[in-house]
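S.K.: Data: work-v9.cif, mmCIF, C-alpha atoms.
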data_run
loop_
_atom_site.label_atom_id
_atom_site.label_comp_id
_atom_site.auth_asym_id
_atom_site.auth_seq_id
_atom_site.Cartn_x
_atom_site.Cartn_y
_atom_site.Cartn_z
CA MET R 4 79.20 121.03 173.96
CA LYS R 5 82.14 118.76 174.48
CA GLN R 6 83.87 117.43 171.32
CA HIS R 7 85.56 114.03 171.17
CA ALA R 8 89.05 114.09 169.83
CA THR R 9 89.90 111.63 166.99
CA HIS R 10 92.42 109.04 167.95
CA PRO R 11 95.69 109.39 166.08
CA HIS R 12 95.65 105.68 165.06
CA THR R 13 92.24 106.11 163.49
CA LEU R 14 93.45 108.93 161.32
CA ILE R 15 96.38 106.87 160.20
CA GLY R 16 94.08 103.94 159.27
CA LEU R 17 91.80 106.14 157.21
CA ALA R 18 94.74 107.57 155.39
CA LEU R 19 96.04 104.11 154.60
CA ILE R 20 92.67 103.00 153.25
CA ALA R 21 92.43 106.01 150.99
CA ALA R 22 95.96 105.47 149.77
CA LEU R 23 95.32 101.78 149.05
CA GLY R 24 92.12 102.59 147.16
CA ALA R 25 93.86 105.09 144.95
CA SER R 26 96.72 102.71 144.43
CA GLY R 27 94.35 99.85 143.45
CA ALA R 28 92.57 101.98 140.88
CA ALA R 29 95.90 103.00 139.42
CA VAL R 30 97.03 99.39 139.25
CA ALA R 31 93.81 98.32 137.53
CA GLN R 32 94.10 101.15 135.03
CA THR R 33 97.68 100.23 134.31
CA ALA R 34 96.72 96.56 133.77
CA THR R 35 93.98 97.57 131.30
CA LYS R 36 96.43 99.68 129.31
CA VAL R 37 98.92 96.85 129.18
CA GLN R 38 96.27 94.40 127.99
CA SER R 39 95.04 96.85 125.35
CA LYS R 40 98.56 97.32 124.03
CA HIS R 41 98.99 93.54 123.89
CA ASP R 42 95.69 93.12 122.03
CA ALA R 43 96.61 95.83 119.54
CA VAL R 44 99.95 94.17 118.80
CA GLU R 45 98.31 90.75 118.40
CA LYS R 46 95.62 92.05 116.01
CA ALA R 47 98.15 93.99 113.97
CA GLU R 48 100.31 90.89 113.53
CA MET R 49 97.27 88.84 112.59
CA ALA R 50 96.21 91.44 110.02
CA ALA R 51 99.69 91.49 108.54
CA GLY R 52 99.61 87.70 108.17
CA GLU R 53 96.20 87.80 106.46
CA ALA R 54 97.47 90.45 104.05
CA ARG R 55 100.49 88.31 103.14
CA SER R 56 98.25 85.30 102.55
CA ALA R 57 95.90 87.39 100.38
CA ARG R 58 98.79 88.64 98.24
CA GLN R 59 100.04 85.09 97.75
CA ASP R 60 96.57 83.97 96.67
CA ALA R 61 96.32 86.89 94.27
CA SER R 62 99.65 85.91 92.74
CA THR R 63 98.45 82.32 92.33
CA ALA R 64 95.19 83.50 90.74
CA GLN R 65 97.11 85.71 88.33
CA ALA R 66 99.30 82.78 87.29
CA ALA R 67 96.19 80.64 86.71
CA ALA R 68 94.61 83.33 84.55
CA GLN R 69 97.77 83.65 82.46
CA ALA R 70 97.94 79.88 82.00
CA ALA R 71 94.29 79.80 80.92
CA ALA R 72 94.89 82.56 78.38
CA ALA R 73 97.95 80.79 76.97
CA THR R 74 96.05 77.52 76.66
CA ARG R 75 93.16 79.24 74.92
CA ASN R 76 95.52 80.96 72.48
CA GLU R 77 97.09 77.63 71.49
CA GLY R 78 93.79 76.64 69.93
CA ALA R 79 91.25 73.90 70.48
CA LEU R 80 90.48 70.65 68.67
CA SER R 81 86.91 71.67 67.95
CA GLU R 82 84.86 74.80 67.52
CA ARG R 83 82.76 73.90 70.53
CA GLY R 84 85.88 73.47 72.65
CA ALA R 85 87.22 76.83 71.47
CA LEU R 86 84.04 78.60 72.58
CA THR R 87 84.16 76.92 75.97
CA ALA R 88 87.85 77.74 76.42
CA GLU R 89 87.16 81.39 75.63
CA ALA R 90 84.52 81.55 78.36
CA THR R 91 86.57 79.74 81.02
CA ALA R 92 89.71 81.79 80.30
CA TYR R 93 87.67 84.96 80.76
CA GLN R 94 86.34 83.61 84.06
CA ALA R 95 89.90 82.91 85.24
CA LYS R 96 90.92 86.47 84.36
CA GLN R 97 87.98 87.98 86.25
CA SER R 98 88.64 85.83 89.30
CA ALA R 99 92.27 86.91 89.29
CA ILE R 100 91.15 90.54 89.26
CA GLU R 101 88.86 89.85 92.23
CA ALA R 102 91.71 88.17 94.12
CA GLN R 103 93.99 91.15 93.54
CA SER R 104 91.30 93.54 94.74
CA ALA R 105 90.79 91.49 97.90
CA ALA R 106 94.54 91.41 98.49
CA ARG R 107 94.70 95.21 98.29
CA GLN R 108 91.86 95.47 100.80
CA ALA R 109 93.67 93.11 103.15
CA THR R 110 96.86 95.16 102.83
CA VAL R 111 95.03 98.41 103.64
CA ALA R 112 93.40 96.75 106.66
CA ALA R 113 96.79 95.49 107.86
CA GLU R 114 98.22 98.99 107.60
CA SER R 115 95.30 100.33 109.65
CA ALA R 116 95.92 97.67 112.29
CA ARG R 117 99.60 98.59 112.43
CA SER R 118 98.71 102.26 112.91
CA ALA R 119 96.30 101.33 115.70
CA GLN R 120 99.06 99.28 117.33
CA ALA R 121 101.38 102.29 117.29
CA ALA R 122 98.65 104.46 118.82
CA ALA R 123 98.01 101.89 121.52
CA THR R 124 101.68 101.71 122.38
CA ALA R 125 102.45 105.41 122.47
CA GLY R 126 99.06 107.08 122.89
CA SER R 127 97.05 108.00 125.89
CA ASN R 128 94.06 105.84 124.91
CA PRO R 129 95.38 102.34 124.25
CA THR R 130 91.93 100.79 124.79
CA GLY R 131 90.39 102.72 121.92
CA ALA R 132 93.40 101.97 119.71
CA ALA R 133 93.10 98.28 120.53
CA ILE R 134 89.47 98.34 119.39
CA GLU R 135 90.53 99.91 116.09
CA ALA R 136 93.24 97.29 115.65
CA ARG R 137 90.71 94.50 116.25
CA ALA R 138 88.33 95.91 113.62
CA ALA R 139 91.17 96.27 111.12
CA GLY R 140 92.26 92.68 111.80
CA ASP R 141 88.74 91.41 111.12
CA ALA R 142 88.63 93.34 107.85
CA ALA R 143 91.97 91.86 106.80
CA ARG R 144 90.73 88.35 107.58
CA ILE R 145 87.54 88.81 105.50
CA ALA R 146 89.51 90.22 102.56
CA SER R 147 92.00 87.35 102.73
CA SER R 148 89.16 84.82 102.67
CA ALA R 149 87.71 86.53 99.57
CA ALA R 150 91.11 86.34 97.87
CA THR R 151 91.31 82.62 98.61
CA ASP R 152 87.85 82.00 97.16
CA ALA R 153 88.64 83.97 94.00
CA THR R 154 91.90 82.08 93.57
CA THR R 155 90.11 78.73 93.83
CA VAL R 156 87.72 79.80 91.07
CA ALA R 157 90.60 81.01 88.88
CA GLN R 158 92.42 77.70 89.20
CA ALA R 159 89.27 75.72 88.40
CA ALA R 160 88.63 77.92 85.36
CA ALA R 161 92.20 77.37 84.14
CA ALA R 162 91.76 73.61 84.44
CA ALA R 163 88.43 73.83 82.58
CA THR R 164 90.13 75.79 79.81
CA ALA R 165 92.74 73.07 79.32
CA GLU R 166 90.02 70.43 79.22
CA ALA R 167 87.91 72.40 76.76
CA THR R 168 90.73 72.68 74.23
CA GLN R 169 90.89 68.89 74.06
CA GLN R 170 87.20 68.44 73.32
CA THR R 171 86.32 66.99 69.94
CA ASP R 172 83.13 67.34 67.99
CA PRO R 173 80.86 64.32 68.27
CA VAL R 174 81.22 61.88 65.40
CA PRO R 175 78.00 61.84 63.36
CA GLN R 176 76.34 58.49 63.54
CA PRO R 177 75.54 56.88 60.18
CA MET R 178 71.93 56.63 59.21
CA PRO R 179 70.58 53.14 59.68
CA ALA R 180 70.44 51.16 56.48
CA PRO R 181 66.93 50.79 55.09
CA ALA R 182 65.38 47.45 55.62
CA PRO R 183 65.68 45.22 52.56
CA ALA R 184 62.62 45.25 50.44
CA VAL R 185 60.58 42.12 50.72
CA PRO R 186 60.04 40.74 47.24
CA VAL R 187 56.43 40.67 46.31
CA GLN R 188 55.40 37.21 45.37
CA PRO R 189 53.24 37.03 42.29
CA GLN R 190 49.68 36.33 43.05
CA VAL R 191 48.89 32.71 42.48
CA THR R 192 45.42 31.68 41.55
CA ILE R 193 44.57 28.14 42.48
CA THR R 194 41.89 26.45 40.51
CA SER R 195 40.52 23.02 40.82
CA SER R 196 39.61 20.72 37.97
CA PRO R 197 38.12 17.29 37.84
CA PRO R 198 40.50 14.32 37.82
CA ASN R 199 42.01 13.18 34.54
CA SER R 200 41.20 16.55 32.91
CA VAL R 201 43.31 17.86 30.08
CA ILE R 202 45.14 21.02 31.10
CA GLY R 203 47.23 22.85 28.57
CA GLU R 204 47.47 23.04 24.86
CA TYR R 205 49.08 20.21 22.99
CA LYS R 206 49.42 19.81 19.24
CA ILE R 207 49.68 16.42 17.54
CA ASP R 208 49.70 15.12 13.99
CA PHE R 209 46.57 12.95 14.08
CA ASP R 210 47.21 11.25 10.75
CA ALA R 211 50.78 10.41 11.72
CA LEU R 212 49.66 8.77 14.97
CA ASP R 213 46.72 6.90 13.37
CA GLY R 214 48.85 4.06 12.09
CA ASN R 215 46.00 1.85 10.74
CA HIS R 216 44.12 4.88 9.44
CA ASP R 217 40.87 3.86 11.07
CA GLY R 218 40.10 7.40 12.13
CA ASN R 219 40.97 6.72 15.78
CA ILE R 220 44.10 6.62 17.90
CA SER R 221 44.43 3.67 20.18
CA ARG R 222 46.50 3.51 23.36
CA ALA R 223 49.17 1.63 21.47
CA GLU R 224 49.26 4.32 18.79
CA ALA R 225 49.37 7.12 21.38
CA ARG R 226 52.49 5.70 23.06
CA SER R 227 54.74 7.55 20.67
CA ASN R 228 53.54 10.81 22.35
CA ALA R 229 54.29 10.86 26.08
CA THR R 230 52.00 13.78 26.81
CA LEU R 231 49.08 12.26 25.01
CA THR R 232 49.72 8.96 26.74
CA ALA R 233 49.59 10.68 30.11
CA GLU R 234 46.36 12.47 29.22
CA PHE R 235 44.77 9.62 27.31
CA ARG R 236 42.17 8.79 29.92
CA ALA R 237 41.15 12.42 30.30
CA VAL R 238 40.79 12.91 26.56
CA ASP R 239 38.90 9.61 26.04
CA VAL R 240 35.58 11.12 26.99
CA ASP R 241 33.46 8.08 25.94
CA ASN R 242 35.92 5.69 27.59
CA ASN R 243 36.07 3.37 24.57
CA GLY R 244 39.86 3.14 24.63
CA ARG R 245 40.22 5.14 21.42
CA LEU R 246 40.58 8.82 20.68
CA SER R 247 38.58 10.27 17.86
CA LYS R 248 39.27 13.49 15.98
CA LYS R 249 36.36 15.06 17.80
CA GLU R 250 37.89 14.19 21.17
CA LEU R 251 41.25 15.49 19.96
CA SER R 252 39.85 18.62 18.29
CA GLY R 253 41.92 20.85 20.57
CA TRP R 254 45.09 18.82 20.05
CA MET R 255 45.35 18.63 16.34
CA ARG R 256 47.39 21.11 14.34
#
Starting from the file, lay out its structure as structure tokens.

M.R.:
Amino acid sequence: MKQHATHPHTLIGLALIAALGASGAAVAQTATKVQSKHDAVEKAEMAAGEARSARQDASTAQAAAQAAAATRNEGALSERGALTAEATAYQAKQSAIEAQSAARQATVAAESARSAQAAATAGSNPTGAAIEARAAGDAARIASSAATDATTVAQAAAAATAEATQQTDPVPQPMPAPAPAVPVQPQVTITSSPPNSVIGEYKIDFDALDGNHDGNISRAEARSNATLTAEFRAVDVDNNGRLSKKELSGWMR
């Protein structure tokens, strides 16, 4: 069987294709390593920045807690304010502790990111190191956010402590004055009596008024007694213009 010989140019072309393919894969692999190293450096720097921010927040929270404690120790204007200040100062202290713990976590995460950066730069697996650096950067960011939140609470608690020490006890309101007693009016009994009736007790000296000693008192004789004059008509039962001793039986003494 006759075999066809391969053209020399064909062999050269195949060799070039193979060489280009290998070269392209090498270039792509090199580009991936470069990108991984860049990502690792970026995440490590970010983690370091988050750790610095967390430490600053922790320092601020600590200062707030110390201020709250000092304010509480100075005393409050009221017992109620003292109790409130004690509680808020304690809250500031606890928040400062939380901020410090978060700052330490952020610092540890930043150190892990820096180690991953070094591995990505000098190691044989920069892609894996870049992944570790990214995870460490995320952990540093979360810890920094927790430190910020704790610091905000510590500052608010310190402000509440200062406000509590200025609280005063409520002033007791005086009891309302009792309503004035309404005087009780004496019961009045109203009676009716016929006109010209004699009401009351009057005493007269019959003999002294009976000037002519006829046993009767005339209107003229009664004038010396104003009361009898006013009641003359009522006493003169028989209407004869004279008052007898019988008619004046209740008047004589």

S.K.: What residues come out when you apply the PyMOL selection byres ((chain R and resi 58-74) around 9) to this file, written as a ChimeraX atom specification?

M.R.: /R:53-57,75-79,88-89,91-107,109-110,147,150-165,168

S.K.: Using all atoms listed in the file, pick whichever of R:Ala142, R:Ala113, R:Ala211, R:Ala43 has the shortest atom-to-atom distance to R:Gly126.

M.R.: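 Going through R:Ala142, R:Ala113, R:Ala211, R:Ala43 one by one, the smallest distance to R:Gly126 is for R:Ala43.
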
S.K.: My list of candidates is R:Glu45, R:Asp217, R:Asp172, R:Glu166. Which is closest to R:Ala116 when distances are computed with all atoms listed in the file?

M.R.: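 Looking only at the distances to R:Ala116, the closest residue turns out to be R:Glu45.
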
S.K.: For a test of reading the model, state the distance in Å between atom CA of R:Ile145 and atom CA of R:Lys36, rounded to one decimal.

M.R.: 27.6 Å

S.K.: Kindly resolve the PyMOL selection byres ((chain R and resi 171) around 8) on the present coordinates and return the residues as a VMD selection string.

M.R.: chain R and resid 80 to 81 83 to 84 169 to 170 172 to 173

S.K.: Step by step, work through what the PyMOL selection byres ((chain R and resi 252) around 12) selects in the shown file, and finish by giving those residues as a VMD selection string.

M.R.: chain R and resid 204 to 209 238 to 239 246 to 251 253 to 256

S.K.: If you keep C-alpha atoms, can you produce a file of those selected residues as a PDB file, keeping the file's coordinate frame?

M.R.:
ATOM      1  CA  GLU R 204      47.470  23.040  24.860  1.00  0.00           C
ATOM      2  CA  TYR R 205      49.080  20.210  22.990  1.00  0.00           C
ATOM      3  CA  LYS R 206      49.420  19.810  19.240  1.00  0.00           C
ATOM      4  CA  ILE R 207      49.680  16.420  17.540  1.00  0.00           C
ATOM      5  CA  ASP R 208      49.700  15.120  13.990  1.00  0.00           C
ATOM      6  CA  PHE R 209      46.570  12.950  14.080  1.00  0.00           C
ATOM      7  CA  VAL R 238      40.790  12.910  26.560  1.00  0.00           C
ATOM      8  CA  ASP R 239      38.900   9.610  26.040  1.00  0.00           C
ATOM      9  CA  LEU R 246      40.580   8.820  20.680  1.00  0.00           C
ATOM     10  CA  SER R 247      38.580  10.270  17.860  1.00  0.00           C
ATOM     11  CA  LYS R 248      39.270  13.490  15.980  1.00  0.00           C
ATOM     12  CA  LYS R 249      36.360  15.060  17.800  1.00  0.00           C
ATOM     13  CA  GLU R 250      37.890  14.190  21.170  1.00  0.00           C
ATOM     14  CA  LEU R 251      41.250  15.490  19.960  1.00  0.00           C
ATOM     15  CA  GLY R 253      41.920  20.850  20.570  1.00  0.00           C
ATOM     16  CA  TRP R 254      45.090  18.820  20.050  1.00  0.00           C
ATOM     17  CA  MET R 255      45.350  18.630  16.340  1.00  0.00           C
ATOM     18  CA  ARG R 256      47.390  21.110  14.340  1.00  0.00           C
TER      19      ARG R 256
END

S.K.: In Å to one decimal, how far is atom CA of R:Gly140 from atom CA of R:Ala47?

M.R.: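 Atom-to-atom, atom CA of R:Ala47 and atom CA of R:Gly140 are spaced 6.4 Å apart.
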
S.K.: In Å to one decimal, how far is atom CA of R:Ser148 from atom CA of R:Ala90?

M.R.: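 Interatomic distance, atom CA of R:Ala90 to atom CA of R:Ser148: 25.0 Å.
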
S.K.: Using all atoms listed in the file, which residues sit within 12 Å of R:Asn243 once same-chain residues fewer than 6 positions away are excluded, as a list in words?

M.R.: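 Near neighbours after the sequence-gap exclusion: Asn219, Ile220, Ser221, Arg222, Phe235, Arg236, Ala237 and Glu250 of chain R.
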